[in-house]
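Novice: Pasting coords-v7.txt here (compact mmCIF, C-alpha atoms):
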```txt
# COMPACT_ATOMS: atom_id res chain seq x y z
CA MET A 811 13.75 11.82 -22.70
CA LYS A 812 12.96 15.41 -23.69
CA ILE A 813 14.92 18.34 -22.29
CA SER A 814 12.85 20.81 -24.32
CA ASN A 815 10.73 20.82 -27.46
CA GLU A 816 13.90 20.85 -29.55
CA ILE A 817 16.35 18.75 -27.51
CA GLU A 818 16.04 15.07 -26.62
CA ILE A 819 18.33 12.61 -24.82
CA LYS A 820 18.83 9.41 -26.81
CA LYS A 821 21.11 6.40 -26.85
CA ALA A 822 24.05 7.11 -29.12
CA ILE A 823 24.26 5.21 -32.39
CA THR A 824 27.17 4.60 -34.74
CA GLU A 825 26.05 7.45 -37.00
CA ASP A 826 26.64 9.86 -34.08
CA VAL A 827 30.36 9.10 -33.74
CA ASN A 828 31.70 11.82 -36.05
CA GLN A 829 29.53 14.50 -34.47
CA MET A 830 30.55 13.36 -30.98
CA LEU A 831 34.26 13.46 -31.83
CA ASN A 832 33.86 16.89 -33.38
CA LEU A 833 32.11 18.09 -30.24
CA TYR A 834 35.02 16.89 -28.07
CA ARG A 835 37.46 18.73 -30.35
CA ILE A 836 35.42 21.95 -30.16
CA VAL A 837 35.30 21.92 -26.37
CA TYR A 838 38.66 20.40 -25.40
CA GLY A 839 40.96 20.80 -28.39
CA LYS A 840 43.41 18.10 -29.48
CA ARG A 841 44.78 17.22 -26.02
CA TYR A 842 41.64 15.68 -24.55
CA PRO A 843 42.98 12.96 -22.18
CA ILE A 844 40.05 10.52 -22.51
CA SER A 845 40.47 8.14 -25.45
CA TYR A 846 36.77 8.10 -26.34
CA GLY A 847 37.11 11.71 -27.43
CA ILE A 848 39.88 11.05 -29.97
CA ASP A 849 39.54 7.39 -31.03
CA PRO A 850 36.58 6.67 -33.37
CA ASP A 851 37.03 2.88 -33.15
CA LEU A 852 37.00 2.91 -29.35
CA LEU A 853 33.94 5.16 -29.27
CA THR A 854 32.15 2.97 -31.81
CA ALA A 855 32.92 -0.15 -29.75
CA ALA A 856 31.58 1.53 -26.59
CA ILE A 857 28.33 2.48 -28.33
CA GLY A 858 27.91 -1.11 -29.51
CA ASN A 859 28.49 -2.79 -26.12
CA SER A 860 25.56 -2.21 -23.78
CA GLU A 861 27.00 -4.65 -21.21
CA THR A 862 29.98 -2.43 -20.44
CA HIS A 863 28.88 1.04 -21.60
CA LEU A 864 25.95 3.41 -21.70
CA CYS A 865 26.49 6.11 -24.32
CA LEU A 866 23.99 8.94 -24.57
CA VAL A 867 23.67 12.03 -26.72
CA ALA A 868 21.49 15.11 -26.48
CA LYS A 869 20.22 16.01 -29.93
CA ASP A 870 18.67 19.11 -31.39
CA ILE A 871 16.00 17.19 -33.30
CA THR A 872 15.09 20.20 -35.44
CA LYS A 873 18.64 20.36 -36.87
CA ASN A 874 19.83 16.78 -36.22
CA ILE A 875 22.80 18.14 -34.27
CA VAL A 876 24.50 16.41 -31.31
CA THR A 877 24.50 19.12 -28.63
CA GLY A 878 25.82 17.05 -25.73
CA ALA A 879 27.17 13.60 -24.88
CA VAL A 880 28.17 11.36 -21.99
CA ILE A 881 29.68 7.89 -21.66
CA VAL A 882 29.19 5.65 -18.63
CA GLU A 883 31.61 2.76 -18.14
CA ILE A 884 29.89 -0.10 -16.32
CA ASP A 885 31.50 -2.79 -14.19
CA GLN A 886 28.63 -5.17 -13.50
CA TYR A 887 30.77 -7.59 -11.47
CA ASN A 888 31.79 -4.93 -8.95
CA LYS A 889 28.54 -2.95 -9.39
CA ILE A 890 30.29 0.34 -9.99
CA GLY A 891 30.07 2.86 -12.83
CA LYS A 892 32.19 5.75 -14.06
CA ILE A 893 30.82 8.80 -15.86
CA VAL A 894 33.31 10.06 -18.46
CA GLY A 895 33.28 12.32 -21.47
CA LEU A 896 30.51 14.67 -20.36
CA VAL A 897 30.46 17.42 -22.97
CA VAL A 898 28.04 20.16 -24.08
CA ASN A 899 28.18 22.33 -27.19
CA PRO A 900 28.99 25.90 -26.02
CA LYS A 901 26.17 27.23 -28.23
CA TYR A 902 23.69 25.27 -26.09
CA LYS A 903 25.29 26.10 -22.75
CA ASN A 904 22.20 27.50 -21.03
CA LYS A 905 19.85 24.63 -21.91
CA LYS A 906 20.70 22.51 -18.80
CA ILE A 907 21.88 19.71 -21.07
CA GLY A 908 24.77 18.53 -18.87
CA GLN A 909 22.74 18.61 -15.68
CA THR A 910 19.83 16.71 -17.26
CA ILE A 911 22.03 14.02 -18.83
CA VAL A 912 23.74 13.34 -15.50
CA GLN A 913 20.38 13.25 -13.73
CA TYR A 914 19.04 10.82 -16.34
CA VAL A 915 21.91 8.29 -16.16
CA THR A 916 22.01 8.49 -12.36
CA THR A 917 18.31 7.75 -12.00
CA LEU A 918 18.46 5.01 -14.62
CA LEU A 919 21.41 3.07 -13.19
CA LEU A 920 21.04 3.64 -9.44
CA GLU A 921 17.28 3.84 -8.95
CA GLN A 922 15.36 2.31 -11.86
CA HIS A 923 17.57 -0.62 -12.87
CA LYS A 924 19.47 -0.73 -9.55
CA LEU A 925 22.31 -2.14 -11.58
CA LEU A 926 25.08 -0.40 -9.63
CA ASN A 927 25.95 0.40 -6.04
CA SER A 928 27.62 3.68 -6.94
CA LEU A 929 28.52 5.98 -9.80
CA TYR A 930 31.59 8.20 -9.78
CA ALA A 931 33.12 10.90 -11.92
CA THR A 932 36.28 12.96 -12.03
CA THR A 933 36.08 16.58 -13.19
CA ARG A 934 38.65 19.15 -14.23
CA MET A 935 39.14 21.95 -11.70
CA VAL A 936 40.15 24.67 -14.14
CA GLU A 937 36.52 25.80 -14.18
CA ALA A 938 33.52 25.23 -11.93
CA GLY A 939 30.76 24.43 -14.42
CA VAL A 940 31.00 20.63 -14.49
CA GLN A 941 31.55 20.48 -10.73
CA VAL A 942 28.31 22.42 -10.24
CA ILE A 943 26.45 19.91 -12.43
CA PHE A 944 27.42 17.01 -10.14
CA LEU A 945 26.72 18.98 -6.97
CA LYS A 946 23.25 19.85 -8.24
CA ASN A 947 22.67 16.13 -8.81
CA ASN A 948 23.65 15.46 -5.18
CA TYR A 949 26.94 13.76 -5.92
CA LEU A 950 29.26 13.64 -2.93
CA PRO A 951 32.71 15.31 -3.15
CA LEU A 952 35.33 12.79 -2.06
CA GLY A 953 38.72 14.33 -2.79
CA ILE A 954 41.18 15.56 -5.39
CA PHE A 955 43.93 14.14 -7.60
CA PRO A 956 46.72 16.78 -7.70
CA ASN A 957 48.68 17.10 -10.96
CA ALA A 958 46.92 13.98 -12.27
CA HIS A 959 46.73 14.92 -15.95
CA ARG A 960 48.89 16.96 -18.28
CA LEU A 961 47.00 18.99 -20.87
CA ASN A 962 48.29 22.50 -21.54
CA GLN A 963 49.64 22.29 -17.98
CA TYR A 964 49.44 19.82 -15.09
CA GLU A 965 45.85 19.79 -13.86
CA THR A 966 44.19 18.71 -10.64
CA VAL A 967 40.87 16.86 -10.91
CA SER A 968 38.11 16.30 -8.36
CA LEU A 969 36.31 13.09 -7.40
CA PHE A 970 32.52 12.79 -7.02
CA ALA A 971 30.37 9.74 -6.24
CA LYS A 972 26.71 8.94 -5.70
CA TYR A 973 25.27 5.82 -4.10
CA ARG A 974 22.22 3.67 -4.43
CA SER A 975 19.92 3.98 -1.41
CA GLY A 976 21.12 1.96 1.59
CA ILE A 977 24.72 1.45 0.46
CA LEU A 978 26.45 3.90 2.80
CA GLU A 979 24.38 2.62 5.72
CA ASN A 980 25.73 -0.93 5.19
CA ARG A 981 29.43 -0.13 5.13
CA GLU A 982 31.79 -2.51 6.88
CA SER A 983 32.37 -1.31 10.43
CA LEU A 984 36.05 -0.66 11.10
CA PRO A 985 37.32 0.22 14.59
CA ASN A 986 40.57 1.81 13.44
CA VAL A 987 42.39 3.05 10.35
CA SER A 988 45.70 4.77 9.71
CA LYS A 989 45.83 8.18 11.37
CA SER A 990 46.78 9.68 8.01
CA LEU A 991 43.28 8.96 6.67
CA MET A 992 41.37 10.79 9.40
CA PRO A 993 41.36 14.23 7.70
CA LEU A 994 39.63 12.63 4.70
CA TYR A 995 37.09 10.87 6.92
CA LEU A 996 36.38 14.05 8.89
CA SER A 997 35.96 16.11 5.70
CA THR A 998 33.51 13.54 4.34
CA LYS A 999 31.56 13.38 7.60
CA LYS A 1000 31.01 17.15 7.45
CA LEU A 1001 29.19 16.57 4.17
CA VAL A 1002 27.38 13.43 5.42
CA PRO A 1003 26.79 13.88 9.18
CA THR A 1004 25.27 10.39 9.51
CA LEU A 1005 28.41 8.72 8.15
CA SER A 1006 30.08 6.46 10.72
CA ILE A 1007 33.85 6.86 10.77
CA PRO A 1008 36.60 4.80 12.42
CA LYS A 1009 39.08 5.98 15.04
CA PRO A 1010 42.76 6.61 14.26
CA LEU A 1011 45.42 4.00 14.87
CA ASP A 1012 48.45 5.08 16.85
CA GLU A 1013 51.18 6.22 14.51
CA PRO A 1014 53.67 3.39 13.92
CA SER A 1015 57.08 3.88 15.41
CA ILE A 1016 59.52 5.04 12.76
CA THR A 1017 62.45 2.67 12.49
CA LYS A 1018 65.39 3.37 10.26
CA LEU A 1019 65.64 0.77 7.54
CA ASP A 1020 68.96 -0.47 6.31
CA ILE A 1021 69.40 0.66 2.74
CA ASP A 1022 71.18 -1.96 0.69
CA GLN A 1023 71.91 -1.75 -3.00
CA GLU A 1024 69.33 -0.16 -5.26
CA TRP A 1025 66.91 -2.42 -7.08
CA ASP A 1026 66.88 -2.46 -10.86
CA PHE A 1027 63.60 -2.78 -12.74
CA GLU A 1028 62.80 -3.78 -16.28
CA ILE A 1029 59.79 -2.06 -17.81
CA ILE A 1030 57.73 -3.76 -20.51
CA GLN A 1031 55.16 -1.70 -22.41
CA ALA A 1032 53.13 -4.10 -24.53
CA THR A 1033 49.39 -3.88 -23.95
CA SER A 1034 48.23 -7.34 -25.10
CA TYR A 1035 51.20 -9.22 -23.64
CA VAL A 1036 50.99 -7.46 -20.27
CA TYR A 1037 47.25 -7.99 -19.97
CA ARG A 1038 47.61 -11.68 -20.83
CA LYS A 1039 50.29 -12.08 -18.14
CA TYR A 1040 48.08 -10.19 -15.69
CA LEU A 1041 45.24 -12.67 -16.19
CA GLU A 1042 47.67 -15.56 -15.77
CA ARG A 1043 49.08 -14.16 -12.51
CA PHE A 1044 45.65 -13.22 -11.12
CA PRO A 1045 43.01 -15.61 -12.50
CA ASP A 1046 40.56 -14.81 -9.66
CA MET A 1047 38.53 -11.66 -10.45
CA ASN A 1048 38.51 -10.82 -6.73
CA ASP A 1049 42.27 -10.23 -6.96
CA ARG A 1050 41.85 -7.76 -9.82
CA PHE A 1051 39.87 -4.97 -8.15
CA PHE A 1052 40.78 -1.69 -9.83
CA PRO A 1053 37.67 -0.58 -11.75
CA PHE A 1054 38.14 0.71 -15.30
CA HIS A 1055 41.92 0.33 -15.33
CA SER A 1056 43.61 -2.46 -17.26
CA PRO A 1057 47.39 -2.85 -17.13
CA ASN A 1058 49.43 -2.04 -20.21
CA MET A 1059 52.83 -1.95 -18.50
CA LEU A 1060 54.80 -4.51 -16.47
CA ILE A 1061 57.48 -3.39 -14.02
CA ALA A 1062 59.67 -6.31 -12.97
CA ASP A 1063 62.60 -6.42 -10.58
CA THR A 1064 65.51 -7.94 -12.49
CA THR A 1065 65.99 -10.69 -9.88
CA GLY A 1066 62.31 -11.70 -9.92
CA ARG A 1067 61.43 -10.48 -6.42
CA ILE A 1068 58.37 -8.52 -7.55
CA GLU A 1069 56.31 -7.84 -10.66
CA ILE A 1070 54.03 -4.80 -10.71
CA PHE A 1071 51.23 -4.45 -13.25
CA ALA A 1072 50.43 -0.84 -14.09
CA TYR A 1073 48.49 1.38 -16.47
CA PHE A 1074 50.45 4.21 -18.08
CA SER A 1075 49.15 7.00 -20.32
CA LYS A 1076 52.09 8.30 -22.31
CA SER A 1077 50.15 11.35 -23.47
CA ASP A 1078 49.81 12.92 -20.02
CA GLY A 1079 52.20 11.03 -17.71
CA TYR A 1080 49.40 9.43 -15.65
CA CYS A 1081 50.24 6.05 -14.11
CA THR A 1082 48.36 3.71 -11.76
CA LEU A 1083 49.93 0.77 -9.95
CA ILE A 1084 47.19 -1.85 -10.26
CA GLN A 1085 48.48 -5.09 -8.73
CA SER A 1086 51.72 -6.79 -7.76
CA THR A 1087 52.85 -10.37 -7.29
CA THR A 1088 54.07 -9.58 -3.77
CA PRO A 1089 52.97 -6.67 -1.56
CA ILE A 1090 54.43 -3.34 -2.67
CA SER A 1091 55.16 -2.78 1.02
CA ASP A 1092 58.03 -5.27 0.53
CA LEU A 1093 59.81 -2.61 -1.52
CA ARG A 1094 60.22 -0.42 1.58
CA THR A 1095 63.28 1.79 0.86
CA HIS A 1096 63.40 0.66 -2.76
CA LEU A 1097 60.40 2.75 -3.81
CA SER A 1098 62.85 5.51 -4.75
CA SER A 1099 64.53 3.15 -7.23
CA LEU A 1100 61.12 2.56 -8.80
CA TYR A 1101 60.35 6.30 -9.00
CA MET A 1102 63.61 7.09 -10.76
CA GLN A 1103 63.04 4.54 -13.51
CA LEU A 1104 59.41 5.53 -14.00
CA ASP A 1105 60.44 9.17 -14.22
CA ASP A 1106 62.88 8.23 -16.98
CA ILE A 1107 60.02 6.97 -19.20
CA GLY A 1108 57.81 10.03 -18.63
CA VAL A 1109 55.66 9.13 -15.61
CA SER A 1110 54.72 12.36 -13.83
CA TYR A 1111 51.90 11.10 -11.57
CA LEU A 1112 51.56 7.82 -9.66
CA GLU A 1113 48.34 6.52 -8.10
CA VAL A 1114 47.44 3.52 -5.93
CA LEU A 1115 44.00 2.35 -4.77
CA VAL A 1116 44.14 0.77 -1.29
CA ASN A 1117 41.61 -0.86 1.01
CA VAL A 1118 41.68 1.27 4.20
CA LYS A 1119 42.19 -1.90 6.27
CA HIS A 1120 45.72 -2.33 4.88
CA SER A 1121 47.49 -0.03 7.34
CA ILE A 1122 50.96 -1.51 6.78
CA PHE A 1123 50.66 -0.91 3.03
CA ILE A 1124 49.44 2.65 3.65
CA ASP A 1125 52.35 3.30 6.02
CA THR A 1126 54.85 2.09 3.41
CA LEU A 1127 53.33 4.37 0.78
CA LEU A 1128 53.44 7.31 3.20
CA ARG A 1129 57.14 6.73 3.77
CA GLY A 1130 57.54 6.63 0.00
CA GLN A 1131 55.94 10.12 -0.22
CA PHE A 1132 52.55 8.95 -1.45
CA LEU A 1133 49.79 11.06 0.11
CA PRO A 1134 46.10 10.26 0.75
CA CYS A 1135 44.13 12.44 -1.64
CA ALA A 1136 40.63 10.94 -1.94
CA LEU A 1137 38.40 8.62 0.08
CA TYR A 1138 35.80 6.37 -1.55
CA PRO A 1139 33.50 4.97 1.18
CA ALA A 1140 31.60 1.78 0.32
CA MET A 1141 33.47 1.40 -2.95
CA ARG A 1142 33.54 -2.41 -3.02
CA GLU A 1143 30.87 -4.95 -2.12
CA ARG A 1144 32.10 -8.11 -0.38
CA ASN A 1145 29.97 -10.55 1.60
CA ASN A 1146 27.03 -8.12 1.60
CA LEU A 1147 29.12 -5.40 3.21
CA TYR A 1148 30.73 -2.39 1.54
CA GLU A 1149 34.40 -1.63 2.01
CA ASP A 1150 36.11 1.77 2.04
CA TYR A 1151 39.07 2.53 -0.21
CA VAL A 1152 41.57 5.37 -0.26
CA VAL A 1153 43.39 6.78 -3.27
CA MET A 1154 47.03 7.63 -2.58
CA SER A 1155 49.07 9.56 -5.11
CA ARG A 1156 52.53 10.92 -5.72
CA SER A 1157 53.29 13.72 -8.14
CA MET A 1158 56.73 13.89 -9.71
CA GLU A 1159 56.12 17.54 -10.58
CA PRO A 1160 55.99 20.62 -8.31
CA LEU A 1161 52.60 21.06 -6.67
CA ASN A 1162 50.68 23.86 -8.36
CA PHE A 1163 47.11 24.86 -7.49
CA ARG A 1164 47.17 28.19 -9.32
CA GLY A 1165 44.19 28.82 -11.55
CA MET A 1166 42.00 26.19 -9.89
CA ALA A 1167 38.29 26.85 -9.46
CA ILE A 1168 37.59 25.30 -6.05
CA LEU A 1169 33.99 24.97 -4.94
CA SER A 1170 33.53 25.24 -1.18
CA PRO A 1171 32.82 21.51 -0.54
CA PHE A 1172 36.27 20.69 -1.93
CA LYS A 1173 38.19 23.23 0.17
CA PRO A 1174 38.70 20.82 3.14
CA PHE A 1175 40.09 18.17 0.79
CA VAL A 1176 42.54 20.65 -0.71
CA ASP A 1177 43.54 21.86 2.77
CA GLN A 1178 44.16 18.34 4.09
CA TYR A 1179 46.29 17.50 1.05
CA VAL A 1180 48.38 20.66 1.42
CA ASP A 1181 48.89 19.92 5.13
CA ALA A 1182 49.95 16.35 4.34
CA TRP A 1183 52.30 17.60 1.62
CA LYS A 1184 53.92 20.10 3.98
CA LYS A 1185 54.37 17.47 6.66
CA ALA A 1186 55.96 15.05 4.20
CA ASN A 1187 58.16 17.55 2.36
CA LEU A 1188 58.90 20.42 4.74
CA ASP A 1189 58.35 19.40 8.36
CA SER A 1190 60.68 16.43 7.88
CA ILE A 1191 63.69 18.65 7.15
CA GLU A 1192 66.41 18.03 9.70
CA VAL A 1193 68.20 21.24 10.69
CA ILE A 1194 71.68 20.87 12.21
CA TYR A 1195 73.06 23.73 14.23
CA GLU A 1196 76.80 24.07 14.57
CA LYS A 1197 78.26 24.48 18.02
CA LYS A 1198 79.73 27.88 18.66
```
Just dump the structure as structure tokens.
Specialist:
Amino acid sequence: MKISNEIEIKKAITEDVNQMLNLYRIVYGKRYPISYGIDPDLLTAAIGNSETHLCLVAKDITKNIVTGAVIVEIDQYNKIGKIVGLVVNPKYKNKKIGQTIVQYVTTLLLEQHKLLNSLYATTRMVEAGVQVIFLKNNYLPLGIFPNAHRLNQYETVSLFAKYRSGILENRESLPNVSKSLMPLYLSTKKLVPTLSIPKPLDEPSITKLDIDQEWDFEIIQATSYVYRKYLERFPDMNDRFFPFHSPNMLIADTTGRIEIFAYFSKSDGYCTLIQSTTPISDLRTHLSSLYMQLDDIGVSYLEVLVNVKHSIFIDTLLRGQFLPCALYPAMRERNNLYEDYVVMSRSMEPLNFRGMAILSPFKPFVDQYVDAWKKANLDSIEVIYEKK
């Protein structure tokens, strides 16, 4: 596809790898958090596997220079894709390269091939340029991930998604969800007025839980071993729904009561809890024991993906100071219906939104998160007044 007489969009080939890596270094420096931008073997493997990846470059054909690139991770089983590694050479900034590449992959995967139900992307919020690209391509803002990645500082990223025609209209109808999710639903409905949303459940009564001895956890970081154990514990693909995250860490209670499979990025402290042998809600008051040990190995951000139907699980996470930060309607297809998921996160670091470039569609998502944070961390303070 031609962008101009000089610039064309093409499928990346192995010979493009060095130029692509150099482009990532020019734009992001040495602390780029996505492995494709720093690992030549991984990038080469992605280019060579058309079943799981679509890798494109924009080339100045007059100079044989890679001026832009994007990688799309493809999960054909769950019919979902993730756009990562969108980059444009600063010298070609005004050529609409980023906008055209995103438009091209979106049309190709959602409309022409109809391979996927939805495409999503996360973007840095230190500047507005990439956010504008997705908004201009009619991607829907769905939330934020506060303090999710550590580059020069802890950064918040935004979530966008776009759907194939008819997907949102065939979402599973839910009468009620946790009251904590309603701000996210209401913010999304303002952007999509036709979106049907559930009603809030009554808040569960808060009962004080007896706190017995702290749980001890053993943490195993061994990528191949952990992934092999994960497949043994969960042989059914339907039990392994967490697109584009594979566990590389196993967190096991020393008495065998629970094993949690997680992905951990040592470079920026990002950690996702992917699946557990028993519901994490069974931890109840012992979540704090888990946090302390994860903090000891450098985890600064925790994330969990939850089906909105699992209100008990959501309530447990709320009590453990996880907060709803992003809603993904119609994320998963099951029995010809599309289920909503919520991302809940917990930052181990002080919340810091200074320096963020917030586009107006994301303001309600930031506001709801700040309100939830205040309620969890400030409004819960018990003040005792002495008798005079």
Novice: Quick one: of A:Lys1173, A:Tyr1037, A:Phe1132, A:Asp1150, who's nearest to Lys1185 in chain A, counting only C-alpha atoms?
Specialist: A:Phe1132
Novice: With distances taken over all atoms listed in the file, which of A:Gly1079, A:Pro1139, A:Ala868, A:Tyr1040 is nearest to Ser1006 in chain A?
Specialist: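 Closest to Ser1006 in chain A, using all atoms listed in the file: A:Pro1139.
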Novice: Give the answer as one residue: which of A:His923, A:Lys1119, A:Lys1039, A:Arg960 has the shortest atom-to-atom distance to Val987 in chain A, using only C-alpha atoms?
Specialist: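 With only C-alpha atoms as the atom set, the closest residue is A:Lys1119.
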Novice: For a cut-off of 12 Å around (48.7, 1.3, -15.3), file coordinates, pick out all residues using only C-alpha atoms and list them as number ranges by chain.
Specialist: A: 1029-1033, 1036-1037, 1040, 1052-1061, 1070-1076, 1079-1086, 1104, 1109, 1111-1115
Novice: Give me the residues within 12 Å of Leu918 in chain A as a PyMOL selection string, counting all atoms listed in the file and dropping any in the same chain fewer than 3 places off.
Specialist: chain A and resi 811+864+882+891+911-915+921-926+929+974
Novice: Restricting the calculation to all atoms listed in the file, which member of A:Val1118, A:Gly858, A:Val867, A:Gln886 is positioned closest to Pro985 in chain A?
Specialist: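 Among the listed residues, the smallest separation from Pro985 in chain A belongs to A:Val1118.
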Novice: Closest to Thr966 in chain A among A:Asn899, A:Asn904, A:Thr932, A:Thr824, using only C-alpha atoms?
Specialist: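 Selected residue with least distance to Thr966 in chain A: A:Thr932.
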Novice: Give me, please, the distance in Å between CA of Ile836 in chain A and CA of Asn948 in chain A, quoted to one decimal.
Specialist: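 Taking CA of Ile836 in chain A as the start and CA of Asn948 in chain A as the end point, the length is 28.4 Å.
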Novice: Please, could N, CA and C atoms be added to range 887-910 of chain A and the result written as a PDB file, keeping the file's coordinate frame?
Specialist:
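The result, written out as rebuild.pdb:
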```
ATOM      1  N   TYR A 887      30.292  -6.661 -12.497  1.00  0.00           N
ATOM      2  CA  TYR A 887      30.770  -7.590 -11.470  1.00  0.00           C
ATOM      3  C   TYR A 887      30.948  -6.876 -10.137  1.00  0.00           C
ATOM      4  N   ASN A 888      31.560  -5.695 -10.177  1.00  0.00           N
ATOM      5  CA  ASN A 888      31.790  -4.930  -8.950  1.00  0.00           C
ATOM      6  C   ASN A 888      30.702  -3.902  -8.661  1.00  0.00           C
ATOM      7  N   LYS A 889      29.708  -3.818  -9.565  1.00  0.00           N
ATOM      8  CA  LYS A 889      28.540  -2.950  -9.390  1.00  0.00           C
ATOM      9  C   LYS A 889      28.943  -1.487  -9.186  1.00  0.00           C
ATOM     10  N   ILE A 890      29.820  -1.038 -10.067  1.00  0.00           N
ATOM     11  CA  ILE A 890      30.290   0.340  -9.990  1.00  0.00           C
ATOM     12  C   ILE A 890      30.326   0.922 -11.409  1.00  0.00           C
ATOM     13  N   GLY A 891      30.055   2.215 -11.533  1.00  0.00           N
ATOM     14  CA  GLY A 891      30.070   2.860 -12.830  1.00  0.00           C
ATOM     15  C   GLY A 891      30.875   4.144 -12.793  1.00  0.00           C
ATOM     16  N   LYS A 892      31.396   4.526 -13.951  1.00  0.00           N
ATOM     17  CA  LYS A 892      32.190   5.750 -14.060  1.00  0.00           C
ATOM     18  C   LYS A 892      31.649   6.607 -15.187  1.00  0.00           C
ATOM     19  N   ILE A 893      31.309   7.849 -14.865  1.00  0.00           N
ATOM     20  CA  ILE A 893      30.820   8.800 -15.860  1.00  0.00           C
ATOM     21  C   ILE A 893      32.027   9.519 -16.462  1.00  0.00           C
ATOM     22  N   VAL A 894      32.193   9.399 -17.773  1.00  0.00           N
ATOM     23  CA  VAL A 894      33.310  10.060 -18.460  1.00  0.00           C
ATOM     24  C   VAL A 894      32.770  10.802 -19.683  1.00  0.00           C
ATOM     25  N   GLY A 895      33.590  11.698 -20.197  1.00  0.00           N
ATOM     26  CA  GLY A 895      33.280  12.320 -21.470  1.00  0.00           C
ATOM     27  C   GLY A 895      32.024  13.165 -21.497  1.00  0.00           C
ATOM     28  N   LEU A 896      31.661  13.770 -20.355  1.00  0.00           N
ATOM     29  CA  LEU A 896      30.510  14.670 -20.360  1.00  0.00           C
ATOM     30  C   LEU A 896      30.890  15.948 -21.107  1.00  0.00           C
ATOM     31  N   VAL A 897      30.135  16.262 -22.149  1.00  0.00           N
ATOM     32  CA  VAL A 897      30.460  17.420 -22.970  1.00  0.00           C
ATOM     33  C   VAL A 897      29.183  18.066 -23.491  1.00  0.00           C
ATOM     34  N   VAL A 898      29.199  19.401 -23.583  1.00  0.00           N
ATOM     35  CA  VAL A 898      28.040  20.160 -24.080  1.00  0.00           C
ATOM     36  C   VAL A 898      28.539  21.198 -25.073  1.00  0.00           C
ATOM     37  N   ASN A 899      27.847  21.309 -26.199  1.00  0.00           N
ATOM     38  CA  ASN A 899      28.180  22.330 -27.190  1.00  0.00           C
ATOM     39  C   ASN A 899      28.028  23.719 -26.563  1.00  0.00           C
ATOM     40  N   PRO A 900      29.071  24.565 -26.626  1.00  0.00           N
ATOM     41  CA  PRO A 900      28.990  25.900 -26.020  1.00  0.00           C
ATOM     42  C   PRO A 900      27.793  26.720 -26.497  1.00  0.00           C
ATOM     43  N   LYS A 901      27.321  26.477 -27.718  1.00  0.00           N
ATOM     44  CA  LYS A 901      26.170  27.230 -28.230  1.00  0.00           C
ATOM     45  C   LYS A 901      24.873  26.865 -27.516  1.00  0.00           C
ATOM     46  N   TYR A 902      24.884  25.733 -26.804  1.00  0.00           N
ATOM     47  CA  TYR A 902      23.690  25.270 -26.090  1.00  0.00           C
ATOM     48  C   TYR A 902      23.928  25.264 -24.578  1.00  0.00           C
ATOM     49  N   LYS A 903      24.811  26.143 -24.130  1.00  0.00           N
ATOM     50  CA  LYS A 903      25.290  26.100 -22.750  1.00  0.00           C
ATOM     51  C   LYS A 903      24.192  26.345 -21.721  1.00  0.00           C
ATOM     52  N   ASN A 904      23.212  27.127 -22.016  1.00  0.00           N
ATOM     53  CA  ASN A 904      22.200  27.500 -21.030  1.00  0.00           C
ATOM     54  C   ASN A 904      20.926  26.659 -21.127  1.00  0.00           C
ATOM     55  N   LYS A 905      21.020  25.497 -21.734  1.00  0.00           N
ATOM     56  CA  LYS A 905      19.850  24.630 -21.910  1.00  0.00           C
ATOM     57  C   LYS A 905      19.763  23.515 -20.855  1.00  0.00           C
ATOM     58  N   LYS A 906      20.663  23.523 -19.864  1.00  0.00           N
ATOM     59  CA  LYS A 906      20.700  22.510 -18.800  1.00  0.00           C
ATOM     60  C   LYS A 906      20.906  21.094 -19.345  1.00  0.00           C
ATOM     61  N   ILE A 907      21.656  21.004 -20.445  1.00  0.00           N
ATOM     62  CA  ILE A 907      21.880  19.710 -21.070  1.00  0.00           C
ATOM     63  C   ILE A 907      22.748  18.805 -20.186  1.00  0.00           C
ATOM     64  N   GLY A 908      23.879  19.328 -19.708  1.00  0.00           N
ATOM     65  CA  GLY A 908      24.770  18.530 -18.870  1.00  0.00           C
ATOM     66  C   GLY A 908      24.099  18.058 -17.602  1.00  0.00           C
ATOM     67  N   GLN A 909      23.414  18.962 -16.931  1.00  0.00           N
ATOM     68  CA  GLN A 909      22.740  18.610 -15.680  1.00  0.00           C
ATOM     69  C   GLN A 909      21.663  17.543 -15.898  1.00  0.00           C
ATOM     70  N   THR A 910      20.921  17.653 -16.996  1.00  0.00           N
ATOM     71  CA  THR A 910      19.830  16.710 -17.260  1.00  0.00           C
ATOM     72  C   THR A 910      20.361  15.341 -17.662  1.00  0.00           C
TER      73      THR A 910
END
```
